[in-house]
$ cat work-v3.csv   # CSV, C-alpha atoms and all ligand atoms
chain,number,residue,atom,x,y,z
A,16,MET,CA,10.4,-32.8,26.3
A,17,SER,CA,12.6,-35.0,24.2
A,18,GLY,CA,11.5,-35.6,20.6
A,19,TRP,CA,9.0,-32.7,20.6
A,20,SER,CA,9.9,-30.4,17.6
A,21,HIS,CA,6.7,-28.4,16.9
A,22,ARG,CA,7.0,-24.7,17.2
A,23,HIS,CA,3.3,-24.2,16.4
A,24,VAL,CA,0.4,-26.6,16.7
A,25,LEU,CA,-1.7,-26.1,13.5
A,26,ASP,CA,-3.1,-29.6,12.7
A,27,LEU,CA,-2.6,-33.3,13.7
A,28,ALA,CA,-1.5,-34.5,10.3
A,29,SER,CA,2.0,-33.6,11.2
A,30,PHE,CA,2.0,-35.5,14.5
A,31,SER,CA,4.0,-38.7,14.9
A,32,VAL,CA,2.9,-41.5,17.2
A,33,GLU,CA,5.6,-40.2,19.6
A,34,ASP,CA,4.0,-36.7,19.5
A,35,PHE,CA,0.6,-38.2,20.4
A,36,GLY,CA,2.3,-40.2,23.2
A,37,THR,CA,4.1,-37.1,24.6
A,38,VAL,CA,0.8,-35.1,24.8
A,39,LEU,CA,-1.2,-38.0,26.3
A,40,GLU,CA,1.5,-38.7,28.9
A,41,LEU,CA,1.8,-35.0,30.0
A,42,ALA,CA,-2.0,-34.6,30.1
A,43,GLN,CA,-2.3,-37.6,32.3
A,44,ARG,CA,0.3,-36.1,34.7
A,45,PHE,CA,-1.5,-32.7,34.7
A,46,ARG,CA,-4.9,-34.4,35.2
A,47,SER,CA,-3.8,-36.2,38.3
A,48,LEU,CA,-2.7,-33.0,40.1
A,49,PRO,CA,-5.1,-31.7,42.7
A,50,VAL,CA,-7.0,-28.6,41.5
A,51,ALA,CA,-9.2,-27.3,44.3
A,52,GLY,CA,-7.3,-25.0,46.7
A,53,ALA,CA,-4.0,-26.1,45.3
A,54,ARG,CA,-1.2,-23.8,44.4
A,55,LYS,CA,-0.8,-23.3,40.6
A,56,LEU,CA,2.1,-24.9,38.8
A,57,PRO,CA,4.8,-22.3,38.1
A,58,ALA,CA,5.8,-23.8,34.7
A,59,LEU,CA,4.6,-20.8,32.6
A,60,GLN,CA,5.3,-18.0,35.1
A,61,GLY,CA,6.2,-14.9,33.1
A,62,ARG,CA,4.6,-16.2,29.9
A,63,LEU,CA,1.6,-14.6,28.2
A,64,MET,CA,-1.1,-16.4,26.2
A,65,THR,CA,-3.3,-14.3,24.0
A,66,SER,CA,-6.5,-15.7,22.6
A,67,LEU,CA,-7.7,-14.3,19.2
A,68,PHE,CA,-11.1,-15.7,18.5
A,69,PHE,CA,-12.9,-14.6,15.3
A,70,GLU,CA,-15.6,-17.2,15.8
A,71,PRO,CA,-17.8,-18.0,18.8
A,72,SER,CA,-16.6,-20.5,21.4
A,73,THR,CA,-17.7,-21.7,24.8
A,74,ARG,CA,-15.5,-24.7,25.6
A,75,THR,CA,-12.3,-24.1,23.7
A,76,ARG,CA,-11.6,-20.5,24.8
A,77,SER,CA,-12.5,-21.0,28.5
A,78,SER,CA,-10.6,-24.2,28.6
A,79,PHE,CA,-7.4,-22.7,27.1
A,80,GLU,CA,-7.7,-19.8,29.6
A,81,ILE,CA,-8.1,-22.1,32.6
A,82,ALA,CA,-5.2,-24.3,31.4
A,83,ALA,CA,-2.9,-21.3,31.0
A,84,LYS,CA,-3.8,-20.0,34.5
A,85,ARG,CA,-3.2,-23.4,36.1
A,86,LEU,CA,0.3,-23.2,34.7
A,87,SER,CA,0.7,-19.6,36.1
A,88,ALA,CA,0.7,-17.9,32.6
A,89,GLU,CA,-0.9,-14.5,32.1
A,90,VAL,CA,-4.0,-14.5,29.9
A,91,GLN,CA,-5.1,-11.8,27.5
A,92,SER,CA,-8.3,-11.9,25.3
A,93,PHE,CA,-8.8,-10.1,22.1
A,94,SER,CA,-12.2,-9.3,20.8
A,95,PRO,CA,-12.2,-8.5,17.0
A,96,SER,CA,-15.2,-6.2,16.9
A,97,SER,CA,-13.8,-3.7,19.3
A,98,SER,CA,-10.2,-3.9,18.0
A,99,SER,CA,-8.3,-1.9,15.4
A,100,LEU,CA,-9.1,-4.6,12.9
A,101,SER,CA,-12.3,-2.8,12.4
A,102,LYS,CA,-10.2,0.3,11.5
A,103,GLY,CA,-8.4,-1.7,8.7
A,104,GLU,CA,-5.4,-3.0,10.6
A,105,SER,CA,-4.2,-6.4,9.1
A,106,LEU,CA,-4.3,-9.5,11.2
A,107,LEU,CA,-0.5,-9.8,11.0
A,108,ASP,CA,0.0,-6.3,12.4
A,109,THR,CA,-2.6,-7.0,15.1
A,110,ALA,CA,-0.8,-10.2,16.0
A,111,ARG,CA,2.6,-8.4,16.1
A,112,THR,CA,1.1,-5.8,18.4
A,113,TYR,CA,0.3,-8.5,20.9
A,114,VAL,CA,3.8,-10.1,20.4
A,115,ALA,CA,5.3,-6.6,21.2
A,116,MET,CA,3.2,-6.6,24.4
A,117,GLY,CA,4.9,-9.9,25.3
A,118,ALA,CA,2.6,-12.7,24.0
A,119,ASN,CA,4.4,-16.0,23.8
A,120,ILE,CA,1.5,-18.0,22.5
A,121,LEU,CA,-1.3,-16.9,20.2
A,122,VAL,CA,-4.4,-19.1,20.4
A,123,VAL,CA,-6.3,-18.5,17.1
A,124,ARG,CA,-9.8,-19.4,16.0
A,125,HIS,CA,-11.0,-18.3,12.6
A,126,ARG,CA,-13.9,-19.2,10.3
A,127,CYS,CA,-11.5,-19.6,7.3
A,128,ALA,CA,-9.3,-22.7,6.9
A,129,GLY,CA,-5.6,-21.8,6.8
A,130,VAL,CA,-5.6,-18.5,8.7
A,131,PRO,CA,-3.6,-19.9,11.7
A,132,ARG,CA,-1.1,-21.4,9.4
A,133,SER,CA,-0.6,-18.2,7.3
A,134,LEU,CA,-0.3,-16.2,10.5
A,135,ALA,CA,2.4,-18.6,11.9
A,136,ARG,CA,4.3,-18.5,8.6
A,137,ASP,CA,4.2,-14.7,8.4
A,138,LEU,CA,5.2,-14.3,12.1
A,139,ASP,CA,8.1,-16.7,11.5
A,140,ARG,CA,9.2,-14.7,8.5
A,141,CYS,CA,9.2,-11.5,10.6
A,142,GLY,CA,11.4,-13.3,13.1
A,143,GLU,CA,8.8,-13.1,15.9
A,144,GLN,CA,9.4,-15.5,18.8
A,145,VAL,CA,5.8,-16.7,19.3
A,146,SER,CA,3.9,-19.9,18.9
A,147,VAL,CA,0.5,-20.2,17.2
A,148,LEU,CA,-2.0,-22.7,18.4
A,149,ASN,CA,-4.9,-23.4,16.1
A,150,ALA,CA,-8.2,-23.4,18.1
A,151,GLY,CA,-10.3,-24.3,15.1
A,152,ASP,CA,-10.0,-23.0,11.5
A,153,GLY,CA,-13.0,-23.4,9.2
A,154,LEU,CA,-13.5,-27.0,8.1
A,155,HIS,CA,-9.8,-27.7,8.4
A,156,SER,CA,-8.6,-28.6,11.8
A,157,HIS,CA,-9.2,-28.4,15.6
A,158,PRO,CA,-6.1,-30.0,17.0
A,159,SER,CA,-6.8,-29.5,20.7
A,160,GLN,CA,-10.2,-31.1,20.3
A,161,GLY,CA,-8.8,-34.1,18.4
A,162,LEU,CA,-6.3,-34.6,21.2
A,163,LEU,CA,-8.8,-34.3,24.0
A,164,ASP,CA,-11.0,-36.8,22.2
A,165,LEU,CA,-8.0,-39.1,21.8
A,166,PHE,CA,-7.2,-38.7,25.5
A,167,THR,CA,-10.8,-39.4,26.6
A,168,LEU,CA,-10.9,-42.6,24.5
A,169,ALA,CA,-7.4,-43.7,25.6
A,170,ARG,CA,-8.4,-43.1,29.3
A,171,HIS,CA,-11.7,-45.0,28.7
A,172,PHE,CA,-9.8,-48.1,27.4
A,173,THR,CA,-6.7,-47.9,29.7
A,174,PRO,CA,-7.5,-45.4,32.6
A,175,GLU,CA,-4.1,-45.7,34.3
A,176,ALA,CA,-1.9,-45.5,31.3
A,177,PRO,CA,-3.5,-43.7,28.4
A,178,SER,CA,-1.2,-43.9,25.3
A,179,PRO,CA,-1.4,-44.4,21.6
A,180,ALA,CA,-1.3,-48.1,22.2
A,181,SER,CA,-4.6,-47.8,24.0
A,182,LEU,CA,-6.2,-47.1,20.6
A,183,ARG,CA,-4.4,-49.7,18.5
A,184,GLY,CA,-6.9,-52.0,16.7
A,185,ARG,CA,-10.0,-50.3,18.1
A,186,ARG,CA,-13.0,-49.6,15.9
A,187,ILE,CA,-14.2,-46.0,16.4
A,188,VAL,CA,-17.4,-44.9,14.6
A,189,ILE,CA,-17.9,-41.2,13.8
A,190,VAL,CA,-21.4,-40.3,12.7
A,191,GLY,CA,-23.0,-37.2,11.4
A,192,ASP,CA,-21.9,-34.0,9.6
A,193,VAL,CA,-18.4,-35.1,8.7
A,194,LEU,CA,-18.2,-32.7,5.7
A,195,HIS,CA,-18.4,-29.5,7.8
A,196,SER,CA,-16.5,-30.9,10.8
A,197,ARG,CA,-12.9,-29.9,11.6
A,198,VAL,CA,-13.3,-32.1,14.7
A,199,ALA,CA,-13.8,-35.1,12.4
A,200,ARG,CA,-10.8,-34.2,10.3
A,201,SER,CA,-8.6,-33.9,13.4
A,202,ASN,CA,-9.9,-37.1,14.8
A,203,LEU,CA,-9.2,-38.9,11.6
A,204,TRP,CA,-5.5,-38.0,11.8
A,205,ALA,CA,-5.3,-38.6,15.5
A,206,LEU,CA,-7.1,-41.9,15.7
A,207,THR,CA,-5.6,-43.5,12.6
A,208,GLY,CA,-2.2,-42.2,13.7
A,209,CYS,CA,-2.6,-44.3,16.9
A,210,GLY,CA,-3.6,-47.3,14.9
A,211,ALA,CA,-7.4,-47.2,15.4
A,212,ASP,CA,-9.8,-48.0,12.5
A,213,VAL,CA,-12.4,-45.3,11.8
A,214,VAL,CA,-15.8,-46.0,10.4
A,215,LEU,CA,-17.5,-42.8,9.1
A,216,CYS,CA,-21.3,-42.8,8.8
A,217,GLY,CA,-23.7,-40.2,7.4
A,218,PRO,CA,-25.8,-39.3,4.4
A,219,PRO,CA,-24.0,-38.5,1.1
A,220,THR,CA,-24.7,-34.8,1.4
A,221,LEU,CA,-22.8,-34.6,4.7
A,222,LEU,CA,-20.2,-37.4,4.1
A,223,PRO,CA,-18.8,-37.5,0.5
A,224,GLU,CA,-17.4,-40.9,-0.5
A,225,CYS,CA,-13.8,-39.4,-0.9
A,226,PHE,CA,-13.5,-39.3,2.9
A,227,ALA,CA,-12.6,-43.0,2.6
A,228,ASP,CA,-9.2,-41.8,1.3
A,229,PHE,CA,-8.8,-39.0,3.7
A,230,VAL,CA,-5.6,-40.2,5.3
A,231,ALA,CA,-4.3,-42.1,2.3
A,232,ALA,CA,-1.8,-39.3,1.5
A,233,PRO,CA,-0.3,-36.5,3.6
A,234,PRO,CA,-2.2,-33.3,3.2
A,235,PRO,CA,-1.0,-30.5,0.8
A,236,GLY,CA,2.2,-28.9,2.0
A,237,GLN,CA,3.4,-32.1,3.8
A,238,SER,CA,5.7,-34.3,1.7
A,239,THR,CA,5.7,-37.4,4.0
A,240,ASP,CA,3.4,-38.9,6.6
A,241,PRO,CA,5.1,-39.0,10.0
A,242,VAL,CA,3.1,-42.1,10.9
A,243,ALA,CA,4.3,-45.3,9.2
A,244,ARG,CA,1.2,-47.4,9.6
A,245,ARG,CA,-2.2,-45.8,10.0
A,246,GLY,CA,-5.5,-47.4,10.9
A,247,ARG,CA,-8.1,-47.8,8.1
A,248,VAL,CA,-11.0,-45.5,7.2
A,249,GLN,CA,-14.3,-46.8,5.9
A,250,VAL,CA,-17.4,-45.0,4.8
A,251,THR,CA,-21.0,-46.3,5.3
A,252,ARG,CA,-24.4,-44.8,5.0
A,253,ARG,CA,-26.1,-47.1,7.5
A,254,LEU,CA,-25.8,-46.8,11.2
A,255,GLU,CA,-27.0,-50.5,11.4
A,256,GLU,CA,-23.8,-51.4,9.5
A,257,ALA,CA,-21.5,-49.1,11.4
A,258,LEU,CA,-22.4,-49.9,15.0
A,259,PRO,CA,-21.9,-53.6,15.5
A,260,GLY,CA,-18.4,-54.2,16.7
A,261,ALA,CA,-17.8,-50.6,17.6
A,262,ASP,CA,-15.5,-49.8,20.6
A,263,ALA,CA,-16.8,-46.2,20.8
A,264,VAL,CA,-19.1,-43.9,18.9
A,265,MET,CA,-18.6,-40.2,18.3
A,266,THR,CA,-21.5,-38.1,17.0
A,267,LEU,CA,-21.0,-34.7,15.4
A,268,ARG,CA,-23.1,-31.6,15.5
A,269,LEU,CA,-25.0,-30.6,12.4
A,270,GLN,CA,-23.2,-27.4,11.5
A,271,LYS,CA,-26.1,-25.4,10.4
A,272,GLU,CA,-24.0,-22.2,10.2
A,273,ARG,CA,-21.8,-23.8,7.6
A,274,MET,CA,-24.6,-25.4,5.4
A,275,GLU,CA,-25.1,-23.1,2.5
A,276,GLN,CA,-27.7,-25.2,0.8
A,277,HIS,CA,-30.4,-27.3,2.3
A,278,LEU,CA,-28.5,-30.5,2.7
A,279,LEU,CA,-31.1,-32.4,4.7
A,280,THR,CA,-34.8,-32.9,3.9
A,281,SER,CA,-35.8,-32.8,7.5
A,282,LEU,CA,-34.2,-33.0,11.0
A,283,ASP,CA,-36.7,-35.6,12.0
A,284,THR,CA,-35.6,-37.9,9.2
A,285,TYR,CA,-32.0,-37.2,10.1
A,286,HIS,CA,-32.6,-38.1,13.7
A,287,ARG,CA,-34.4,-41.3,12.7
A,288,ARG,CA,-31.6,-42.5,10.5
A,289,TYR,CA,-28.5,-41.1,12.3
A,290,GLY,CA,-29.5,-39.9,15.7
A,291,LEU,CA,-28.0,-41.9,18.7
A,292,SER,CA,-30.3,-43.2,21.4
A,293,HIS,CA,-30.2,-46.0,24.0
A,294,ALA,CA,-32.3,-48.1,21.6
A,295,ARG,CA,-29.8,-47.5,18.7
A,296,LEU,CA,-26.8,-48.4,20.9
A,297,ALA,CA,-28.3,-51.9,21.4
A,298,LEU,CA,-26.5,-52.7,18.2
A,299,CYS,CA,-23.2,-52.3,20.0
A,300,ALA,CA,-21.7,-54.2,22.9
A,301,ASP,CA,-22.9,-53.2,26.4
A,302,GLY,CA,-21.1,-50.1,27.8
A,303,VAL,CA,-19.7,-48.8,24.4
A,304,PRO,CA,-19.3,-45.1,25.2
A,305,VAL,CA,-20.6,-42.1,23.2
A,306,LEU,CA,-18.7,-38.9,22.6
A,307,HIS,CA,-19.8,-35.5,21.2
A,308,PRO,CA,-17.5,-32.4,20.9
A,309,GLY,CA,-20.3,-30.0,21.7
A,310,PRO,CA,-22.2,-27.8,21.4
A,311,VAL,CA,-25.0,-30.3,21.0
A,312,ASN,CA,-28.3,-30.1,19.1
A,313,ARG,CA,-30.2,-32.1,21.8
A,314,GLY,CA,-32.7,-34.5,20.2
A,315,VAL,CA,-31.1,-34.2,16.7
A,316,GLU,CA,-27.7,-35.9,16.7
A,317,ILE,CA,-28.2,-37.5,20.1
A,318,ALA,CA,-31.3,-38.2,22.2
A,319,GLY,CA,-31.6,-36.1,25.5
A,320,GLU,CA,-31.7,-39.2,27.7
A,321,LEU,CA,-28.5,-40.6,26.2
A,322,LEU,CA,-26.8,-37.2,26.6
A,323,ASP,CA,-27.8,-37.1,30.2
A,324,ASP,CA,-26.6,-40.7,30.9
A,325,PRO,CA,-23.2,-40.5,32.6
A,326,GLY,CA,-22.8,-44.3,32.3
A,327,ARG,CA,-22.8,-44.1,28.5
A,328,CYS,CA,-22.0,-40.5,27.5
A,329,LEU,CA,-18.5,-39.1,27.9
A,330,VAL,CA,-19.3,-35.5,27.0
A,331,GLU,CA,-18.5,-34.2,30.5
A,332,ALA,CA,-15.3,-36.2,30.6
A,333,GLN,CA,-14.3,-34.6,27.2
A,334,VAL,CA,-14.9,-31.1,28.6
A,335,ARG,CA,-12.9,-32.0,31.8
A,336,ASN,CA,-10.1,-33.6,29.8
A,337,GLY,CA,-9.8,-30.5,27.6
A,338,ILE,CA,-8.0,-28.7,30.4
A,339,PRO,CA,-5.0,-31.1,31.0
A,340,ILE,CA,-4.7,-31.5,27.2
A,341,ARG,CA,-4.4,-27.8,26.7
A,342,MET,CA,-2.1,-27.5,29.6
A,343,ALA,CA,0.1,-30.1,27.9
A,344,LEU,CA,0.1,-28.2,24.6
A,345,LEU,CA,0.9,-24.8,26.3
A,346,TYR,CA,3.6,-26.4,28.3
A,347,LEU,CA,5.2,-28.1,25.3
A,348,LEU,CA,5.1,-24.8,23.3
A,349,ALA,CA,6.1,-22.3,26.0
A,350,ALA,CA,7.8,-23.9,29.0
A,351,SER,CA,11.3,-24.1,27.6
B,401,LIG,N1,-16.9,-27.0,19.0
B,401,LIG,C1,-16.4,-27.7,17.9
B,401,LIG,C2,-15.8,-26.8,16.9
B,401,LIG,O1,-15.5,-25.6,17.1
B,401,LIG,C3,-17.5,-28.6,17.3
B,401,LIG,C4,-18.7,-27.8,16.8
B,401,LIG,O2,-18.8,-26.6,16.8
B,401,LIG,O3,-19.6,-28.6,16.4
B,401,LIG,O4,-15.6,-27.2,15.7
$ encode --input "work-v3.csv" --output "structure tokens" --more "lines below"
Ligand code: ASP
Amino acid sequence: MSGWSHRHVLDLASFSVEDFGTVLELAQRFRSLPVAGARKLPALQGRLMTSLFFEPSTRTRSSFEIAAKRLSAEVQSFSPSSSSLSKGESLLDTARTYVAMGANILVVRHRCAGVPRSLARDLDRCGEQVSVLNAGDGLHSHPSQGLLDLFTLARHFTPEAPSPASLRGRRIVIVGDVLHSRVARSNLWALTGCGADVVLCGPPTLLPECFADFVAAPPPGQSTDPVARRGRVQVTRRLEEALPGADAVMTLRLQKERMEQHLLTSLDTYHRRYGLSHARLALCADGVPVLHPGPVNRGVEIAGELLDDPGRCLVEAQVRNGIPIRMALLYLLAAS
């Protein structure tokens, strides 16, 4: 694909507007192909995708596996507890073992930020011909989720031709546990990269003020920002202030597994102040959609009736769109 220069996909801070456009365009093409009973696309025939997940996953792992199979790739899954890692083998040696067995793409999820990047760097240094795709690392990044959210929003605004331009000038609200969310971080790079303004909303314990400057400079290790003009980021504590004028609202899971101290006084109070419901959405224009990356704490970040309302809630569309987005990424990394 012309202009595509990424050997690995580790975060979205390094994506240009053209990169976002390339992924959205390919995903739209893959999405429109018939699935049931259809022959698979031969694009990745003879390629092997290995998934190395050191953290639990329902959606991401299955979605990558389905995406790989739809492109005719072989799929191999690694499970850390029953592998030689438990005998002391290093992650690099484990990864090289899979490369020796023919892996072309390693899809890596880890609870520590930076592991996919270090692995990619070490594999490059060893001269291995393999791509690393970050499937979520600690609080840092979850690029395929950021892209599928971008695709879902772009399709909501311009269903026939989703592109970065579909997002330009939109006001997207992200509410909840931003501090612990790699999804929020990836969305910040993706949405502002396509020219949307992002309003972050949450209590100070889950949304430090410094997030207002999140995209003000490129992240460590990157000397320039590939996007010339990003959308703005604003922080507010009050949902009543965030919602009016919103074009879409994304709510995030309270990441209880990453909260070391008690950061909330009670879940009830949290739901009253930051939980989304039909009543709360009356503050936005009619039909403004709601997104959630899942898994959901039903009744905490979002009321059950809203979650089950397909007219308002795009959670199922997000899950469905995850497949063509991941097909696009696998294709871009491994088809040539
Ligand atoms: N599934 C997403 C992630 O892995 C969101 C979440 O867990 O809340 O980051």
$ closest_residue --input "work-v3.csv" --among "A:Ala332, A:Leu254, A:Ala199, A:Leu306" --to "His286 (chain A)" --atoms "only C-alpha atoms"
A:Leu254
$ closest_residue --input "work-v3.csv" --among "A:Leu134, A:Met265, A:Leu296, A:Val250" --to "Pro218 (chain A)" --atoms "only C-alpha atoms"
A:Val250
$ residues_near_ligand --input "work-v3.csv" --ligand "ligand LIG 401 (chain B)" --cutoff "8 Å" --atoms "all atoms listed in the file" --output "list in words"
Ser72, Thr73, Arg74, Thr75, Ala150, Gly151, Gly153, Leu154, His157, Gln160, Ser196, Arg197, Val198, Leu267, Arg268, Leu269, Gln270, Pro308, Gly309, Pro310 and Val311 of chain A
$ atom_distance --input "work-v3.csv" --atom1 "CA of Glu40 (chain A)" --atom2 "CA of Thr207 (chain A)"
18.4 Å
$ atom_distance --input "work-v3.csv" --atom1 "CA of Glu80 (chain A)" --atom2 "CA of Ser66 (chain A)"
8.2 Å
$ atom_distance --input "work-v3.csv" --atom1 "CA of Phe68 (chain A)" --atom2 "CA of Val123 (chain A)"
5.7 Å
$ residues_around --input "work-v3.csv" --residues "Cys299 (chain A)" --least-positions-apart "5" --cutoff "8 Å" --atoms "all atoms listed in the file" --output "MDAnalysis selection string"
chainID A and resid 258:261
$ closest_residue --input "work-v3.csv" --among "A:Glu33, A:Thr109, A:His277, A:Cys216" --to "Val242 (chain A)" --atoms "all atoms listed in the file"
A:Glu33
$ closest_residue --input "work-v3.csv" --among "A:Arg111, A:Arg327, A:Arg273, A:Arg124" --to "Ser292 (chain A)" --atoms "all atoms listed in the file"
A:Arg327
$ closest_residue --input "work-v3.csv" --among "A:Gly36, A:Tyr113, A:Ala28, A:Asn119" --to "Ala231 (chain A)" --atoms "only C-alpha atoms"
A:Ala28
$ closest_residue --input "work-v3.csv" --among "A:Ala318, A:Ala349, A:Leu329, A:Val230" --to "Leu27 (chain A)" --atoms "only C-alpha atoms"
A:Val230
$ residues_around --input "work-v3.csv" --residues "region 95-100 of chain A" --least-positions-apart "3" --cutoff "9 Å" --atoms "only C-alpha atoms" --output "mmCIF file with C-alpha atoms, in the frame of the given file"
data_model
loop_
_atom_site.group_PDB
_atom_site.id
_atom_site.type_symbol
_atom_site.label_atom_id
_atom_site.label_comp_id
_atom_site.auth_asym_id
_atom_site.auth_seq_id
_atom_site.Cartn_x
_atom_site.Cartn_y
_atom_site.Cartn_z
ATOM 1 C CA LEU A 67 -7.700 -14.300 19.200
ATOM 2 C CA PHE A 68 -11.100 -15.700 18.500
ATOM 3 C CA PHE A 69 -12.900 -14.600 15.300
ATOM 4 C CA GLY A 103 -8.400 -1.700 8.700
ATOM 5 C CA GLU A 104 -5.400 -3.000 10.600
ATOM 6 C CA SER A 105 -4.200 -6.400 9.100
ATOM 7 C CA LEU A 106 -4.300 -9.500 11.200
ATOM 8 C CA THR A 109 -2.600 -7.000 15.100
#
$ residues_around --input "work-v3.csv" --residues "Val248 (chain A)" --least-positions-apart "6" --cutoff "7 Å" --atoms "all atoms listed in the file" --output "MDAnalysis selection string"
chainID A and resid 212:214 227
$ write_last_selection --input "work-v3.csv" --atoms "C-alpha atoms" --output "CSV table (one decimal), in the frame of the given file"
chain,number,residue,atom,x,y,z
A,212,ASP,CA,-9.8,-48.0,12.5
A,213,VAL,CA,-12.4,-45.3,11.8
A,214,VAL,CA,-15.8,-46.0,10.4
A,227,ALA,CA,-12.6,-43.0,2.6
$ residues_around --input "work-v3.csv" --residues "Ser159 (chain A)" --least-positions-apart "5" --cutoff "8 Å" --atoms "all atoms listed in the file" --output "list in words"
Asn149, Ala150, Gly337, Ile340 and Arg341 of chain A
